[in-house]
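A.B. asks: I'd like to ask you about the structure that follows.
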Amino acid sequence: MLLPAVGFFGGCSDDPVLVFDPSELMGKWVVEGQQEYWRFRTDGTGVTWDESEDISEEESNLKFEWSLDKDELTCVFRGENENQAVPKVYRIREISSYAMKWEDIYGQTKRFRKL
């Protein structure tokens, strides 16, 4: 009896589901106040890197495939061995032609500025 109740309450949310156009993600973004960059390409691939760690976009091995379903952004990172996949899921809270805010599954938010 407890299991169905847990599933029911776990699925409830007061947050409205927003719908974003994937084209709004295209381009290069920087996390506000940091040197962490994210690039989203039109072919559904991307890369992230941190210049404070002296890593450039070309040197980064943090490549991912991304998809957007309404407001849920999923980035799947793959290791050298193709059968290793680490999905990261973010909920986009705001996006415009110059700024974005997302929240991860732990409730941590990041604000980005588009370059």
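For the structure tokens, the naming scheme is as follows: chains receive sequential letters (A, B, ...) according to their order of presentation, residues are indexed from 1 within each chain, and ligands are indexed from 1 in presentation order.
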Might you pull out every residue within 10 Å of segment 39-55 of chain A, with only C-alpha atoms counted and same-chain residues fewer than 4 positions away left off, and present them as a list in words?

C.D. replies: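 Within the cut-off, the hits are Pro22, Ser23, Glu24, Leu25, Met26, Gly27, Lys28, Trp29, Val30, Val31, Gln34, Gln35, Glu59, Ser60, Asn61, Leu62, Lys63, Phe64, Glu65, Trp66, Ser67, Leu68, Cys75, Val76, Phe77, Lys114 and Leu115 of chain A.
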
A.B. asks: Given the selection you just returned, output its residues as a file containing C-alpha atoms, formatted as a JSON list (two decimals), in the first residue's frame.

C.D. replies:
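Result file is part36.json:
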```
[["chain", "number", "residue", "atom", "x", "y", "z"],
["A", 22, "PRO", "CA", 15.56, 23.90, -29.12],
["A", 23, "SER", "CA", 16.88, 26.67, -31.40],
["A", 24, "GLU", "CA", 16.98, 28.95, -28.34],
["A", 25, "LEU", "CA", 19.84, 26.83, -26.96],
["A", 26, "MET", "CA", 22.09, 27.08, -30.01],
["A", 27, "GLY", "CA", 25.40, 28.83, -29.50],
["A", 28, "LYS", "CA", 27.96, 29.50, -26.81],
["A", 29, "TRP", "CA", 27.02, 30.22, -23.19],
["A", 30, "VAL", "CA", 29.07, 31.15, -20.12],
["A", 31, "VAL", "CA", 28.05, 30.58, -16.51],
["A", 34, "GLN", "CA", 32.72, 31.84, -13.85],
["A", 35, "GLN", "CA", 34.83, 30.65, -16.75],
["A", 59, "GLU", "CA", 40.96, 20.52, -25.74],
["A", 60, "SER", "CA", 37.85, 19.51, -23.81],
["A", 61, "ASN", "CA", 36.83, 15.87, -23.65],
["A", 62, "LEU", "CA", 33.47, 16.80, -22.06],
["A", 63, "LYS", "CA", 31.45, 16.27, -25.20],
["A", 64, "PHE", "CA", 27.76, 15.42, -25.05],
["A", 65, "GLU", "CA", 24.63, 14.75, -27.05],
["A", 66, "TRP", "CA", 21.66, 16.85, -26.02],
["A", 67, "SER", "CA", 17.91, 16.77, -26.39],
["A", 68, "LEU", "CA", 15.16, 19.09, -25.21],
["A", 75, "CYS", "CA", 22.91, 16.04, -21.87],
["A", 76, "VAL", "CA", 24.43, 12.58, -22.33],
["A", 77, "PHE", "CA", 28.19, 12.50, -21.79],
["A", 114, "LYS", "CA", 24.90, 34.00, -24.20],
["A", 115, "LEU", "CA", 28.02, 35.07, -26.08]]
```

A.B. asks: Enumerate, as a PyMOL selection string, the complete set of residues in chain A that a backbone-based DSSP assignment places in helix (DSSP H, G or I).

C.D. replies: chain A and resi 2-10+22-25+51-53

A.B. asks: Write to file, as a CSV table (one decimal), in the first residue's frame, the residues of the selection just made, with C-alpha atoms.

C.D. replies:
```csv
chain,number,residue,atom,x,y,z
A,2,LEU,CA,2.9,2.4,0.7
A,3,LEU,CA,4.6,2.0,-2.7
A,4,PRO,CA,1.7,3.4,-4.8
A,5,ALA,CA,1.4,6.4,-2.4
A,6,VAL,CA,5.1,7.1,-2.7
A,7,GLY,CA,4.9,7.0,-6.5
A,8,PHE,CA,1.9,9.3,-6.5
A,9,PHE,CA,3.3,12.0,-4.2
A,10,GLY,CA,6.7,11.8,-5.9
A,22,PRO,CA,15.6,23.9,-29.1
A,23,SER,CA,16.9,26.7,-31.4
A,24,GLU,CA,17.0,29.0,-28.3
A,25,LEU,CA,19.8,26.8,-27.0
A,51,GLU,CA,39.0,28.0,-18.8
A,52,SER,CA,39.9,28.5,-15.1
A,53,GLU,CA,41.3,25.0,-15.4
```

A.B. asks: Residues of segment 46-90 of chain A classed as strand (DSSP E) by DSSP on the backbone are to be reported as a PyMOL selection string.

C.D. replies: chain A and resi 46-50+63-69+72-78+85-90

A.B. asks: Can you spit out the residues from that selection as a PDB file, in the first residue's frame, using C-alpha atoms?

C.D. replies:
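Saved the output as part-v5.pdb:
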```
ATOM      1  CA  GLY A  46      27.778  19.965 -27.582  1.00  0.00           C
ATOM      2  CA  VAL A  47      30.822  20.513 -25.426  1.00  0.00           C
ATOM      3  CA  THR A  48      31.563  22.119 -22.084  1.00  0.00           C
ATOM      4  CA  TRP A  49      34.870  23.350 -20.715  1.00  0.00           C
ATOM      5  CA  ASP A  50      36.320  25.464 -17.907  1.00  0.00           C
ATOM      6  CA  LYS A  63      31.452  16.266 -25.200  1.00  0.00           C
ATOM      7  CA  PHE A  64      27.765  15.420 -25.047  1.00  0.00           C
ATOM      8  CA  GLU A  65      24.631  14.753 -27.053  1.00  0.00           C
ATOM      9  CA  TRP A  66      21.664  16.852 -26.017  1.00  0.00           C
ATOM     10  CA  SER A  67      17.906  16.766 -26.390  1.00  0.00           C
ATOM     11  CA  LEU A  68      15.165  19.087 -25.214  1.00  0.00           C
ATOM     12  CA  ASP A  69      11.667  17.919 -24.298  1.00  0.00           C
ATOM     13  CA  GLU A  72      13.742  19.232 -19.756  1.00  0.00           C
ATOM     14  CA  LEU A  73      17.268  19.360 -21.160  1.00  0.00           C
ATOM     15  CA  THR A  74      19.163  16.072 -21.190  1.00  0.00           C
ATOM     16  CA  CYS A  75      22.908  16.039 -21.875  1.00  0.00           C
ATOM     17  CA  VAL A  76      24.432  12.577 -22.327  1.00  0.00           C
ATOM     18  CA  PHE A  77      28.188  12.505 -21.794  1.00  0.00           C
ATOM     19  CA  ARG A  78      30.101   9.536 -23.220  1.00  0.00           C
ATOM     20  CA  ALA A  85      26.940   7.084 -20.925  1.00  0.00           C
ATOM     21  CA  VAL A  86      26.293   9.571 -18.153  1.00  0.00           C
ATOM     22  CA  PRO A  87      23.049  11.518 -18.580  1.00  0.00           C
ATOM     23  CA  LYS A  88      22.645  14.874 -16.836  1.00  0.00           C
ATOM     24  CA  VAL A  89      19.153  16.340 -16.698  1.00  0.00           C
ATOM     25  CA  TYR A  90      18.358  20.013 -16.229  1.00  0.00           C
TER      26      TYR A  90
END
```

A.B. asks: Atom CA of Lys110 of chain A and atom CA of Glu58 of chain A are how many Å apart?

C.D. replies: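 So the answer is 23.3 Å.
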
A.B. asks: What is the atom CA of Phe112 of chain A-atom CA of Arg93 of chain A distance in Å, reported with one decimal?

C.D. replies: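 So the two atoms, atom CA of Phe112 of chain A and atom CA of Arg93 of chain A, lie 11.5 Å apart.
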
A.B. asks: So which residues touch Ile92 of chain A within 9 Å, counting only C-alpha atoms, skipping near sequence neighbours fewer than 5 positions away, as a list in words?

C.D. replies: Leu18, Phe20, Lys70, Asp71, Glu72, Leu73, Met100, Lys101, Trp102, Glu103 and Asp104 of chain A

A.B. asks: Grab the residues selected above and save them as an mmCIF file, in the first residue's frame with C-alpha atoms.

C.D. replies:
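For reference, result_16.cif as written:
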```cif
data_model
loop_
_atom_site.group_PDB
_atom_site.id
_atom_site.type_symbol
_atom_site.label_atom_id
_atom_site.label_comp_id
_atom_site.auth_asym_id
_atom_site.auth_seq_id
_atom_site.Cartn_x
_atom_site.Cartn_y
_atom_site.Cartn_z
ATOM 1 C CA LEU A 18 7.280 25.322 -19.868
ATOM 2 C CA PHE A 20 11.099 25.936 -25.139
ATOM 3 C CA LYS A 70 9.529 20.924 -23.327
ATOM 4 C CA ASP A 71 11.663 22.353 -20.477
ATOM 5 C CA GLU A 72 13.742 19.232 -19.756
ATOM 6 C CA LEU A 73 17.268 19.360 -21.160
ATOM 7 C CA MET A 100 19.361 31.331 -19.476
ATOM 8 C CA LYS A 101 18.721 29.780 -16.073
ATOM 9 C CA TRP A 102 18.500 26.072 -15.403
ATOM 10 C CA GLU A 103 18.030 23.852 -12.374
ATOM 11 C CA ASP A 104 19.504 20.392 -11.850
#
```

A.B. asks: State, in Å with one decimal place, the distance from atom CA of Thr109 of chain A to atom CA of Asn83 of chain A.

C.D. replies: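 According to the coordinates, atom CA of Thr109 of chain A and atom CA of Asn83 of chain A are separated by 29.3 Å.
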